[in-house]
file target_39.pdb (PDB, C-alpha atoms and all ligand atoms)
ATOM      1  CA  MET A 170      83.871 -23.042 -75.324
ATOM      2  CA  SER A 171      82.774 -26.355 -73.939
ATOM      3  CA  ALA A 172      84.999 -29.121 -72.601
ATOM      4  CA  ARG A 173      85.519 -32.450 -74.250
ATOM      5  CA  ILE A 174      83.430 -34.956 -72.295
ATOM      6  CA  ILE A 175      85.590 -37.932 -71.330
ATOM      7  CA  ASP A 176      83.732 -41.155 -72.121
ATOM      8  CA  GLY A 177      84.538 -43.397 -69.167
ATOM      9  CA  LYS A 178      82.037 -46.001 -70.306
ATOM     10  CA  ALA A 179      83.804 -46.446 -73.633
ATOM     11  CA  GLU A 180      87.278 -46.481 -72.040
ATOM     12  CA  ALA A 181      86.108 -49.051 -69.480
ATOM     13  CA  ALA A 182      84.666 -51.242 -72.245
ATOM     14  CA  LYS A 183      88.010 -51.089 -74.098
ATOM     15  CA  LEU A 184      89.927 -52.091 -70.966
ATOM     16  CA  ARG A 185      87.489 -54.928 -70.201
ATOM     17  CA  ALA A 186      87.887 -56.235 -73.747
ATOM     18  CA  ARG A 187      91.679 -56.196 -73.361
ATOM     19  CA  VAL A 188      91.459 -58.013 -70.030
ATOM     20  CA  ALA A 189      89.076 -60.601 -71.524
ATOM     21  CA  GLU A 190      91.531 -61.263 -74.363
ATOM     22  CA  GLU A 191      94.414 -61.718 -71.931
ATOM     23  CA  ALA A 192      92.313 -63.935 -69.660
ATOM     24  CA  ALA A 193      91.463 -66.127 -72.657
ATOM     25  CA  ALA A 194      95.180 -66.354 -73.529
ATOM     26  CA  LEU A 195      96.027 -67.317 -69.951
ATOM     27  CA  LYS A 196      93.467 -70.121 -70.113
ATOM     28  CA  ARG A 197      94.614 -71.291 -73.549
ATOM     29  CA  ASP A 198      98.349 -71.191 -72.862
ATOM     30  CA  HIS A 199      98.491 -72.084 -69.167
ATOM     31  CA  GLY A 200      95.106 -73.610 -68.242
ATOM     32  CA  ILE A 201      94.484 -70.874 -65.661
ATOM     33  CA  VAL A 202      91.123 -69.146 -65.220
ATOM     34  CA  PRO A 203      91.476 -66.026 -63.037
ATOM     35  CA  GLY A 204      89.108 -66.111 -60.063
ATOM     36  CA  LEU A 205      87.783 -63.151 -58.066
ATOM     37  CA  ALA A 206      86.095 -63.573 -54.677
ATOM     38  CA  VAL A 207      83.825 -60.732 -53.584
ATOM     39  CA  VAL A 208      82.575 -60.620 -50.012
ATOM     40  CA  LEU A 209      79.559 -58.532 -49.039
ATOM     41  CA  VAL A 210      78.507 -58.244 -45.393
ATOM     42  CA  GLY A 211      75.037 -56.858 -44.712
ATOM     43  CA  ASP A 212      72.547 -55.349 -47.106
ATOM     44  CA  ASN A 213      73.728 -51.844 -48.002
ATOM     45  CA  PRO A 214      71.738 -51.209 -51.218
ATOM     46  CA  ALA A 215      74.563 -49.358 -53.023
ATOM     47  CA  SER A 216      77.009 -52.149 -52.154
ATOM     48  CA  GLU A 217      74.495 -54.724 -53.450
ATOM     49  CA  VAL A 218      74.488 -53.000 -56.839
ATOM     50  CA  TYR A 219      78.304 -52.746 -56.967
ATOM     51  CA  VAL A 220      78.760 -56.394 -56.027
ATOM     52  CA  ARG A 221      76.216 -57.565 -58.611
ATOM     53  CA  ASN A 222      77.953 -55.518 -61.322
ATOM     54  CA  LYS A 223      81.379 -56.780 -60.274
ATOM     55  CA  ALA A 224      80.240 -60.401 -60.493
ATOM     56  CA  ALA A 225      78.547 -59.955 -63.885
ATOM     57  CA  GLN A 226      81.530 -58.156 -65.435
ATOM     58  CA  THR A 227      83.966 -60.710 -63.997
ATOM     59  CA  ARG A 228      82.055 -63.520 -65.728
ATOM     60  CA  GLU A 229      81.777 -61.505 -68.958
ATOM     61  CA  ALA A 230      85.577 -61.215 -68.986
ATOM     62  CA  GLY A 231      85.810 -65.022 -68.875
ATOM     63  CA  MET A 232      86.888 -65.160 -65.244
ATOM     64  CA  ASN A 233      85.423 -67.053 -62.302
ATOM     65  CA  SER A 234      83.354 -65.039 -59.849
ATOM     66  CA  PHE A 235      82.890 -66.317 -56.302
ATOM     67  CA  GLU A 236      80.373 -64.339 -54.279
ATOM     68  CA  PHE A 237      79.925 -64.489 -50.544
ATOM     69  CA  ARG A 238      76.913 -62.706 -49.096
ATOM     70  CA  LEU A 239      76.952 -62.702 -45.316
ATOM     71  CA  PRO A 240      74.336 -61.348 -42.905
ATOM     72  CA  ALA A 241      74.911 -57.985 -41.210
ATOM     73  CA  GLU A 242      75.392 -59.715 -37.840
ATOM     74  CA  THR A 243      78.370 -61.780 -39.078
ATOM     75  CA  THR A 244      81.137 -61.653 -36.484
ATOM     76  CA  GLU A 245      84.574 -60.255 -37.193
ATOM     77  CA  ALA A 246      86.019 -63.693 -36.366
ATOM     78  CA  ALA A 247      83.778 -65.387 -38.953
ATOM     79  CA  LEU A 248      84.763 -62.852 -41.614
ATOM     80  CA  LEU A 249      88.463 -63.290 -40.789
ATOM     81  CA  ALA A 250      88.007 -67.064 -41.075
ATOM     82  CA  LEU A 251      86.447 -66.670 -44.536
ATOM     83  CA  VAL A 252      89.330 -64.424 -45.632
ATOM     84  CA  ALA A 253      91.802 -67.058 -44.388
ATOM     85  CA  ASP A 254      89.980 -69.726 -46.455
ATOM     86  CA  LEU A 255      90.066 -67.530 -49.553
ATOM     87  CA  ASN A 256      93.764 -66.763 -49.004
ATOM     88  CA  ALA A 257      94.428 -70.518 -49.103
ATOM     89  CA  ARG A 258      92.343 -71.328 -52.201
ATOM     90  CA  ALA A 259      94.326 -71.857 -55.412
ATOM     91  CA  ASP A 260      91.331 -70.995 -57.630
ATOM     92  CA  VAL A 261      90.881 -67.581 -55.966
ATOM     93  CA  HIS A 262      93.427 -65.090 -57.296
ATOM     94  CA  GLY A 263      91.799 -61.896 -56.064
ATOM     95  CA  ILE A 264      89.842 -61.080 -52.892
ATOM     96  CA  LEU A 265      87.660 -58.014 -52.422
ATOM     97  CA  VAL A 266      85.773 -57.283 -49.215
ATOM     98  CA  GLN A 267      83.170 -54.661 -50.047
ATOM     99  CA  LEU A 268      83.271 -51.522 -47.899
ATOM    100  CA  PRO A 269      81.705 -50.153 -45.782
ATOM    101  CA  LEU A 270      81.574 -53.034 -43.302
ATOM    102  CA  PRO A 271      79.106 -53.039 -40.395
ATOM    103  CA  ALA A 272      80.334 -50.921 -37.460
ATOM    104  CA  HIS A 273      81.074 -53.900 -35.172
ATOM    105  CA  ILE A 274      83.755 -55.167 -37.587
ATOM    106  CA  ALA A 275      87.168 -53.466 -37.677
ATOM    107  CA  ALA A 276      87.645 -52.897 -41.411
ATOM    108  CA  ASP A 277      91.425 -52.398 -41.063
ATOM    109  CA  LYS A 278      91.792 -55.768 -39.366
ATOM    110  CA  VAL A 279      89.939 -57.474 -42.219
ATOM    111  CA  LEU A 280      91.821 -55.642 -44.977
ATOM    112  CA  ASP A 281      95.139 -56.438 -43.257
ATOM    113  CA  ALA A 282      94.198 -60.153 -43.257
ATOM    114  CA  ILE A 283      93.896 -60.351 -47.057
ATOM    115  CA  ALA A 284      97.008 -61.896 -48.620
ATOM    116  CA  PRO A 285      98.855 -58.948 -50.232
ATOM    117  CA  ASP A 286      99.262 -60.881 -53.491
ATOM    118  CA  LYS A 287      95.463 -61.355 -53.713
ATOM    119  CA  ASP A 288      94.682 -57.770 -52.672
ATOM    120  CA  VAL A 289      92.905 -56.596 -55.861
ATOM    121  CA  ASP A 290      91.697 -53.443 -54.061
ATOM    122  CA  GLY A 291      95.277 -52.442 -53.225
ATOM    123  CA  PHE A 292      94.162 -51.511 -49.699
ATOM    124  CA  HIS A 293      96.640 -53.702 -47.771
ATOM    125  CA  PRO A 294      99.354 -51.619 -46.058
ATOM    126  CA  MET A 295     101.962 -53.722 -47.879
ATOM    127  CA  ASN A 296     100.606 -52.607 -51.265
ATOM    128  CA  ALA A 297     100.039 -49.035 -50.073
ATOM    129  CA  GLY A 298     103.660 -49.024 -48.863
ATOM    130  CA  LEU A 299     105.004 -50.455 -52.122
ATOM    131  CA  LEU A 300     103.049 -47.815 -54.039
ATOM    132  CA  ALA A 301     104.309 -45.041 -51.727
ATOM    133  CA  THR A 302     107.912 -46.164 -52.263
ATOM    134  CA  GLY A 303     107.422 -46.110 -56.021
ATOM    135  CA  ARG A 304     107.689 -49.879 -56.421
ATOM    136  CA  ALA A 305     105.477 -52.334 -58.295
ATOM    137  CA  ALA A 306     102.243 -52.714 -56.321
ATOM    138  CA  LEU A 307      98.633 -53.684 -56.667
ATOM    139  CA  ALA A 308      97.085 -50.212 -56.750
ATOM    140  CA  PRO A 309      93.512 -49.187 -55.876
ATOM    141  CA  CYS A 310      91.113 -49.414 -58.810
ATOM    142  CA  THR A 311      89.481 -45.973 -58.877
ATOM    143  CA  PRO A 312      92.783 -44.040 -58.917
ATOM    144  CA  LEU A 313      94.122 -46.411 -61.577
ATOM    145  CA  GLY A 314      91.047 -45.524 -63.628
ATOM    146  CA  CYS A 315      91.781 -41.806 -63.134
ATOM    147  CA  VAL A 316      95.306 -42.176 -64.520
ATOM    148  CA  ILE A 317      94.046 -44.128 -67.535
ATOM    149  CA  LEU A 318      91.439 -41.426 -68.271
ATOM    150  CA  ALA A 319      94.041 -38.659 -67.840
ATOM    151  CA  LYS A 320      96.172 -40.447 -70.443
ATOM    152  CA  THR A 321      93.287 -40.325 -72.928
ATOM    153  CA  VAL A 322      93.548 -36.523 -72.777
ATOM    154  CA  HIS A 323      97.287 -35.940 -72.266
ATOM    155  CA  GLU A 324      99.873 -37.712 -74.376
ATOM    156  CA  ARG A 325     102.406 -37.043 -71.609
ATOM    157  CA  LEU A 326     101.604 -36.591 -67.927
ATOM    158  CA  ARG A 327     105.208 -35.744 -67.031
ATOM    159  CA  GLY A 328     105.533 -32.327 -65.387
ATOM    160  CA  LEU A 329     101.813 -31.575 -65.234
ATOM    161  CA  ASN A 330     100.379 -30.076 -62.043
ATOM    162  CA  VAL A 331      97.903 -32.468 -60.467
ATOM    163  CA  VAL A 332      95.713 -31.412 -57.559
ATOM    164  CA  VAL A 333      93.937 -34.232 -55.756
ATOM    165  CA  VAL A 334      91.122 -33.015 -53.522
ATOM    166  CA  GLY A 335      90.523 -35.623 -50.814
ATOM    167  CA  ARG A 336      92.968 -37.781 -48.853
ATOM    168  CA  SER A 337      91.100 -41.069 -48.437
ATOM    169  CA  THR A 338      93.018 -44.321 -48.533
ATOM    170  CA  ILE A 339      90.637 -45.577 -51.258
ATOM    171  CA  VAL A 340      91.103 -42.701 -53.713
ATOM    172  CA  GLY A 341      92.949 -39.508 -52.716
ATOM    173  CA  ARG A 342      96.229 -40.842 -51.316
ATOM    174  CA  PRO A 343      96.773 -43.590 -53.902
ATOM    175  CA  ALA A 344      95.747 -41.226 -56.733
ATOM    176  CA  ALA A 345      98.475 -38.831 -55.571
ATOM    177  CA  GLN A 346     101.036 -41.672 -55.536
ATOM    178  CA  LEU A 347     100.043 -42.899 -59.006
ATOM    179  CA  PHE A 348     100.290 -39.418 -60.558
ATOM    180  CA  LEU A 349     103.630 -38.911 -58.785
ATOM    181  CA  LYS A 350     104.799 -42.143 -60.411
ATOM    182  CA  GLU A 351     103.889 -40.522 -63.744
ATOM    183  CA  ASP A 352     106.281 -37.646 -62.883
ATOM    184  CA  CYS A 353     103.481 -35.172 -62.179
ATOM    185  CA  THR A 354     103.813 -32.407 -59.586
ATOM    186  CA  VAL A 355     101.198 -33.463 -57.064
ATOM    187  CA  THR A 356      99.317 -31.522 -54.407
ATOM    188  CA  ILE A 357      96.914 -33.228 -52.007
ATOM    189  CA  ALA A 358      94.218 -30.819 -50.816
ATOM    190  CA  HIS A 359      91.751 -31.623 -48.052
ATOM    191  CA  SER A 360      89.271 -30.161 -45.596
ATOM    192  CA  ALA A 361      91.945 -28.051 -43.852
ATOM    193  CA  THR A 362      93.459 -26.650 -47.063
ATOM    194  CA  LYS A 363      93.580 -22.851 -47.161
ATOM    195  CA  ASP A 364      91.972 -21.176 -50.173
ATOM    196  CA  LEU A 365      90.927 -24.415 -51.833
ATOM    197  CA  PRO A 366      89.562 -22.680 -54.964
ATOM    198  CA  ALA A 367      92.990 -21.091 -55.609
ATOM    199  CA  VAL A 368      94.753 -24.432 -55.086
ATOM    200  CA  CYS A 369      92.332 -26.106 -57.514
ATOM    201  CA  ARG A 370      92.965 -23.351 -60.072
ATOM    202  CA  SER A 371      96.667 -24.319 -60.136
ATOM    203  CA  ALA A 372      95.819 -27.764 -61.507
ATOM    204  CA  ASP A 373      96.373 -28.972 -65.049
ATOM    205  CA  ILE A 374      94.578 -32.115 -63.868
ATOM    206  CA  LEU A 375      92.065 -31.754 -61.040
ATOM    207  CA  VAL A 376      90.982 -34.968 -59.317
ATOM    208  CA  VAL A 377      88.091 -34.523 -56.911
ATOM    209  CA  ALA A 378      87.176 -37.268 -54.433
ATOM    210  CA  VAL A 379      85.491 -35.788 -51.394
ATOM    211  CA  GLY A 380      81.885 -37.003 -51.443
ATOM    212  CA  ARG A 381      80.344 -33.499 -51.396
ATOM    213  CA  PRO A 382      77.798 -32.928 -54.134
ATOM    214  CA  LEU A 383      78.701 -30.156 -56.626
ATOM    215  CA  MET A 384      81.388 -28.667 -54.350
ATOM    216  CA  VAL A 385      83.875 -27.661 -57.054
ATOM    217  CA  LYS A 386      82.561 -24.774 -59.175
ATOM    218  CA  GLY A 387      83.568 -23.639 -62.629
ATOM    219  CA  ASP A 388      85.602 -20.723 -61.272
ATOM    220  CA  TRP A 389      87.769 -23.210 -59.308
ATOM    221  CA  VAL A 390      88.952 -24.690 -62.598
ATOM    222  CA  LYS A 391      91.882 -23.380 -64.653
ATOM    223  CA  PRO A 392      90.771 -22.724 -68.244
ATOM    224  CA  GLY A 393      91.608 -25.786 -70.340
ATOM    225  CA  ALA A 394      92.289 -28.076 -67.344
ATOM    226  CA  THR A 395      91.276 -31.727 -67.183
ATOM    227  CA  VAL A 396      88.716 -32.450 -64.460
ATOM    228  CA  LEU A 397      88.281 -35.991 -63.117
ATOM    229  CA  ASP A 398      85.242 -36.181 -60.863
ATOM    230  CA  VAL A 399      85.284 -39.240 -58.598
ATOM    231  CA  GLY A 400      82.177 -38.255 -56.612
ATOM    232  CA  ILE A 401      78.954 -40.206 -56.898
ATOM    233  CA  ASN A 402      76.271 -38.500 -54.826
ATOM    234  CA  ARG A 403      72.553 -39.159 -54.907
ATOM    235  CA  VAL A 404      70.631 -35.889 -54.446
ATOM    236  CA  GLU A 405      66.959 -34.926 -54.435
ATOM    237  CA  LYS A 406      65.607 -33.283 -57.576
ATOM    238  CA  PRO A 407      63.455 -30.153 -57.043
ATOM    239  CA  GLU A 408      60.636 -31.817 -59.000
ATOM    240  CA  GLY A 409      60.875 -34.967 -56.856
ATOM    241  CA  GLY A 410      62.882 -38.162 -57.225
ATOM    242  CA  THR A 411      66.670 -38.345 -57.146
ATOM    243  CA  ARG A 412      69.624 -38.035 -59.501
ATOM    244  CA  LEU A 413      73.343 -38.787 -59.367
ATOM    245  CA  VAL A 414      75.775 -35.874 -59.294
ATOM    246  CA  GLY A 415      79.513 -35.647 -58.835
ATOM    247  CA  ASP A 416      81.654 -33.553 -56.484
ATOM    248  CA  VAL A 417      82.086 -31.090 -59.352
ATOM    249  CA  ASP A 418      79.387 -28.724 -60.579
ATOM    250  CA  PHE A 419      79.485 -30.158 -64.103
ATOM    251  CA  GLU A 420      77.407 -27.413 -65.712
ATOM    252  CA  SER A 421      79.662 -24.544 -64.632
ATOM    253  CA  ALA A 422      82.928 -26.526 -64.921
ATOM    254  CA  LYS A 423      82.371 -27.792 -68.439
ATOM    255  CA  SER A 424      82.497 -24.307 -69.934
ATOM    256  CA  VAL A 425      85.949 -23.718 -68.381
ATOM    257  CA  ALA A 426      87.653 -27.128 -68.449
ATOM    258  CA  GLY A 427      89.391 -28.575 -71.499
ATOM    259  CA  ALA A 428      88.129 -32.069 -70.676
ATOM    260  CA  ILE A 429      85.832 -33.348 -67.949
ATOM    261  CA  THR A 430      84.324 -36.624 -66.760
ATOM    262  CA  PRO A 431      80.545 -36.761 -66.438
ATOM    263  CA  VAL A 432      78.705 -38.402 -63.526
ATOM    264  CA  PRO A 433      77.555 -41.048 -64.153
ATOM    265  CA  GLY A 434      79.622 -42.466 -67.012
ATOM    266  CA  GLY A 435      83.031 -40.993 -66.191
ATOM    267  CA  VAL A 436      85.392 -42.374 -63.566
ATOM    268  CA  GLY A 437      82.794 -44.813 -62.150
ATOM    269  CA  PRO A 438      82.844 -47.442 -64.920
ATOM    270  CA  MET A 439      86.657 -47.531 -64.837
ATOM    271  CA  THR A 440      86.730 -48.888 -61.285
ATOM    272  CA  ILE A 441      85.374 -52.354 -62.096
ATOM    273  CA  ALA A 442      87.400 -52.535 -65.322
ATOM    274  CA  CYS A 443      90.561 -51.871 -63.279
ATOM    275  CA  LEU A 444      89.433 -54.448 -60.732
ATOM    276  CA  LEU A 445      89.328 -57.033 -63.524
ATOM    277  CA  ALA A 446      92.779 -55.906 -64.682
ATOM    278  CA  ASN A 447      94.116 -56.325 -61.118
ATOM    279  CA  THR A 448      92.540 -59.790 -60.888
ATOM    280  CA  LEU A 449      94.268 -60.795 -64.122
ATOM    281  CA  THR A 450      97.563 -59.423 -62.748
ATOM    282  CA  CYS A 451      97.137 -61.497 -59.560
ATOM    283  CA  ALA A 452      96.402 -64.650 -61.578
ATOM    284  CA  ARG A 453      99.432 -64.085 -63.770
ATOM    285  CA  MET A 454     101.690 -63.443 -60.775
ATOM    286  CA  ALA A 455     100.370 -66.550 -58.981
ATOM    287  CA  SER A 456     101.456 -68.515 -62.048
ATOM    288  CA  GLY A 457     104.927 -66.958 -62.071
ATOM    289  CA  LEU A 458     104.146 -64.836 -65.141
ATOM    290  CA  ALA A 459     104.981 -61.152 -65.527
ATOM    291  CA  ALA A 460     102.236 -58.721 -64.502
ATOM    292  CA  ALA A 461     101.396 -57.496 -68.087
ATOM    293  CA  ALA A 462      97.950 -55.971 -68.866
TER
HETATM  294  N1  LIG B   1      83.364 -49.381 -51.496
HETATM  295  C1  LIG B   1      83.396 -48.298 -52.291
HETATM  296  N2  LIG B   1      84.412 -48.382 -53.175
HETATM  297  C2  LIG B   1      85.046 -49.539 -52.920
HETATM  298  C3  LIG B   1      86.162 -50.173 -53.508
HETATM  299  O1  LIG B   1      86.818 -49.698 -54.439
HETATM  300  N3  LIG B   1      86.497 -51.374 -52.965
HETATM  301  C4  LIG B   1      85.831 -51.922 -51.925
HETATM  302  N4  LIG B   1      86.250 -53.094 -51.443
HETATM  303  N5  LIG B   1      84.777 -51.351 -51.365
HETATM  304  C5  LIG B   1      84.400 -50.169 -51.856
END
call {"tool": "encode", "arguments": {"input": "target_39.pdb", "output": "structure tokens", "more": "lines below"}}
Ligand code: GUN
result
Amino acid sequence: MSARIIDGKAEAAKLRARVAEEAAALKRDHGIVPGLAVVLVGDNPASEVYVRNKAAQTREAGMNSFEFRLPAETTEAALLALVADLNARADVHGILVQLPLPAHIAADKVLDAIAPDKDVDGFHPMNAGLLATGRAALAPCTPLGCVILAKTVHERLRGLNVVVVGRSTIVGRPAAQLFLKEDCTVTIAHSATKDLPAVCRSADILVVAVGRPLMVKGDWVKPGATVLDVGINRVEKPEGGTRLVGDVDFESAKSVAGAITPVPGGVGPMTIACLLANTLTCARMASGLAAAA
């Protein structure tokens, strides 16, 4: 038996098309064009690629993209001043400061300075708190993408056992909150978890976000389970060159799982699509409209 391969690229394209339609309606009916500001500090090559893709897909969805590329030696004060400017701009509905930031800048201080109603990453403690209390919140994009992909496999998430491996504020914790909101039974596993393979084997839906290449093996997966692999790791190929792999050993897991995301082309493409959806939500809320989308 071989798992169904979840097509994250196709799901992301569907979501982007829906967002583009709603953005066009917002412009037609209310004269509002959603605007997303993306701030990149320094020249991390992976971040460069993400930021370029974010800007291109924002424009393709009919939204305004404002990019700010600052040198690595930018001071924390200068970055905070830019965030304050963006908070005050009426044409900027969403603000994203690309992580990681250079070591001399306190990332928490910068994230805390973003207006919560423009926080398209959902990283502000106000949004994290709203999410944790089960209230309406801007939620982080990658976990939102995981829930959408899980819903392509399971008609109902209610009552399913979800194991989230990883407790980061970007993925693990908010993923747990979002699946809890769907009435799942959620376990958060992490580096101190005892007998991690056994915990993983209890999952109907296994979400892995740890940043360790190929860590989760096929025999950690319950037969028929859904596996959502958030990892994106660049590893050396034996014959030279590099390739991208997830946190899950795809080859061994796919013969056990019922459905599994590939890397690349699984969870990854959903992140930017959800970012566009969050930007649309922010623009609608700024105009006094219901969140929709
Ligand atoms: N770096 C890696 N993933 C993300 C993300 O989702 N948002 C931001 N701002 N930076 C990131």
call {"tool": "resolve_selection", "arguments": {"input": "target_39.pdb", "expression": "the PyMOL selection byres (((chain A and resi 313) around 9) and not hetatm)", "output": "NGL selection string"}}
result
:A and (308-312 or 314-318 or 343-344 or 347 or 439-440 or 443)
call {"tool": "write_last_selection", "arguments": {"input": "target_39.pdb", "atoms": "C-alpha atoms", "output": "CSV table (one decimal), in the coordinates of the input"}}
result
chain,number,residue,atom,x,y,z
A,308,ALA,CA,97.1,-50.2,-56.8
A,309,PRO,CA,93.5,-49.2,-55.9
A,310,CYS,CA,91.1,-49.4,-58.8
A,311,THR,CA,89.5,-46.0,-58.9
A,312,PRO,CA,92.8,-44.0,-58.9
A,314,GLY,CA,91.0,-45.5,-63.6
A,315,CYS,CA,91.8,-41.8,-63.1
A,316,VAL,CA,95.3,-42.2,-64.5
A,317,ILE,CA,94.0,-44.1,-67.5
A,318,LEU,CA,91.4,-41.4,-68.3
A,343,PRO,CA,96.8,-43.6,-53.9
A,344,ALA,CA,95.7,-41.2,-56.7
A,347,LEU,CA,100.0,-42.9,-59.0
A,439,MET,CA,86.7,-47.5,-64.8
A,440,THR,CA,86.7,-48.9,-61.3
A,443,CYS,CA,90.6,-51.9,-63.3
call {"tool": "residues_around", "arguments": {"input": "target_39.pdb", "residues": "Asp277 of chain A", "least_positions_apart": "5", "cutoff": "12 Å", "atoms": "only C-alpha atoms", "output": "list in words"}}
result
Glu245, Leu249, Val266, Leu268, Pro269, Leu270, Ala272, Ala282, Ile283, Phe292, His293, Pro294 and Thr338 of chain A
call {"tool": "residues_around", "arguments": {"input": "target_39.pdb", "residues": "segment 203-212 of chain A", "least_positions_apart": "5", "cutoff": "6 Å", "atoms": "all atoms listed in the file", "output": "PyMOL selection string"}}
result
chain A and resi 232-241+260-267+452
call {"tool": "closest_residue", "arguments": {"input": "target_39.pdb", "among": "A:Ser337, A:Thr450, A:Gln226, A:Asn296", "to": "ligand LIG 1 (chain B)", "atoms": "all atoms listed in the file"}}
result
A:Ser337
call {"tool": "atom_distance", "arguments": {"input": "target_39.pdb", "atom1": "atom CA of Lys287 of chain A", "atom2": "atom CA of Thr448 of chain A"}}
result
7.9 Å
call {"tool": "resolve_selection", "arguments": {"input": "target_39.pdb", "expression": "the PyMOL selection byres (((chain A and resi 384-393) around 9) and not hetatm)", "output": "ChimeraX atom specification"}}
result
/A:172,365-373,375,377,379-383,394-396,415-428
call {"tool": "closest_residue", "arguments": {"input": "target_39.pdb", "among": "A:Val252, A:Glu190, A:Thr302, A:Ile339", "to": "ligand LIG 1 (chain B)", "atoms": "all atoms listed in the file"}}
result
A:Ile339
call {"tool": "closest_residue", "arguments": {"input": "target_39.pdb", "among": "A:Val404, A:Ala247, A:Ala345, A:Ala276", "to": "ligand LIG 1 (chain B)", "atoms": "all atoms listed in the file"}}
result
A:Ala276
call {"tool": "axis_aligned_box", "arguments": {"input": "target_39.pdb", "around": "segment 372-375 of chain A", "padding_each_side": "4 Å", "output": "AutoDock Vina command-line options"}}
result
--center_x 94.2 --center_y -29.9 --center_z -63.0 --size_x 12.3 --size_y 12.4 --size_z 12.0
call {"tool": "closest_residue", "arguments": {"input": "target_39.pdb", "among": "A:Val289, A:Ala275, A:Leu300, A:Ala246", "to": "ligand LIG 1 (chain B)", "atoms": "only C-alpha atoms and all ligand atoms"}}
result
A:Val289
call {"tool": "decode", "arguments": {"input": "target_39.pdb", "residues": "segment 388-393 of chain A", "atoms": "all heavy atoms", "output": "mmCIF file, in the first residue's frame"}}
result
data_model
loop_
_atom_site.group_PDB
_atom_site.id
_atom_site.type_symbol
_atom_site.label_atom_id
_atom_site.label_comp_id
_atom_site.auth_asym_id
_atom_site.auth_seq_id
_atom_site.Cartn_x
_atom_site.Cartn_y
_atom_site.Cartn_z
ATOM 1 N N ASP A 388 8.169 3.445 10.742
ATOM 2 C CA ASP A 388 7.613 2.671 11.865
ATOM 3 C C ASP A 388 7.214 3.560 13.051
ATOM 4 O O ASP A 388 6.831 3.064 14.104
ATOM 5 C CB ASP A 388 8.559 1.533 12.287
ATOM 6 C CG ASP A 388 9.894 2.030 12.773
ATOM 7 O OD1 ASP A 388 10.131 3.265 12.745
ATOM 8 O OD2 ASP A 388 10.729 1.198 13.188
ATOM 9 N N TRP A 389 7.280 4.894 12.860
ATOM 10 C CA TRP A 389 6.745 5.829 13.867
ATOM 11 C C TRP A 389 5.305 6.226 13.498
ATOM 12 O O TRP A 389 4.667 6.982 14.218
ATOM 13 C CB TRP A 389 7.557 7.123 13.924
ATOM 14 C CG TRP A 389 8.979 7.019 14.336
ATOM 15 C CD1 TRP A 389 9.820 5.950 14.217
ATOM 16 C CD2 TRP A 389 9.751 8.062 14.949
ATOM 17 N NE1 TRP A 389 11.067 6.254 14.702
ATOM 18 C CE2 TRP A 389 11.050 7.554 15.157
ATOM 19 C CE3 TRP A 389 9.481 9.372 15.336
ATOM 20 C CZ2 TRP A 389 12.064 8.309 15.727
ATOM 21 C CZ3 TRP A 389 10.492 10.136 15.902
ATOM 22 C CH2 TRP A 389 11.770 9.598 16.101
ATOM 23 N N VAL A 390 4.872 5.749 12.347
ATOM 24 C CA VAL A 390 3.584 6.203 11.797
ATOM 25 C C VAL A 390 2.543 5.104 11.958
ATOM 26 O O VAL A 390 2.806 3.935 11.643
ATOM 27 C CB VAL A 390 3.740 6.559 10.293
ATOM 28 C CG1 VAL A 390 2.398 6.923 9.669
ATOM 29 C CG2 VAL A 390 4.755 7.696 10.113
ATOM 30 N N LYS A 391 1.356 5.472 12.459
ATOM 31 C CA LYS A 391 0.259 4.504 12.563
ATOM 32 C C LYS A 391 -0.250 4.198 11.158
ATOM 33 O O LYS A 391 -0.454 5.119 10.367
ATOM 34 C CB LYS A 391 -0.870 5.117 13.406
ATOM 35 C CG LYS A 391 -2.104 4.242 13.487
ATOM 36 C CD LYS A 391 -2.961 4.583 14.685
ATOM 37 C CE LYS A 391 -3.951 5.682 14.379
ATOM 38 N NZ LYS A 391 -4.849 5.912 15.519
ATOM 39 N N PRO A 392 -0.480 2.913 10.835
ATOM 40 C CA PRO A 392 -0.973 2.599 9.494
ATOM 41 C C PRO A 392 -2.243 3.399 9.172
ATOM 42 O O PRO A 392 -3.165 3.463 9.980
ATOM 43 C CB PRO A 392 -1.263 1.094 9.577
ATOM 44 C CG PRO A 392 -0.302 0.587 10.604
ATOM 45 C CD PRO A 392 -0.201 1.696 11.624
ATOM 46 N N GLY A 393 -2.221 4.061 8.016
ATOM 47 C CA GLY A 393 -3.382 4.834 7.578
ATOM 48 C C GLY A 393 -3.402 6.281 8.052
ATOM 49 O O GLY A 393 -4.279 7.053 7.663
#
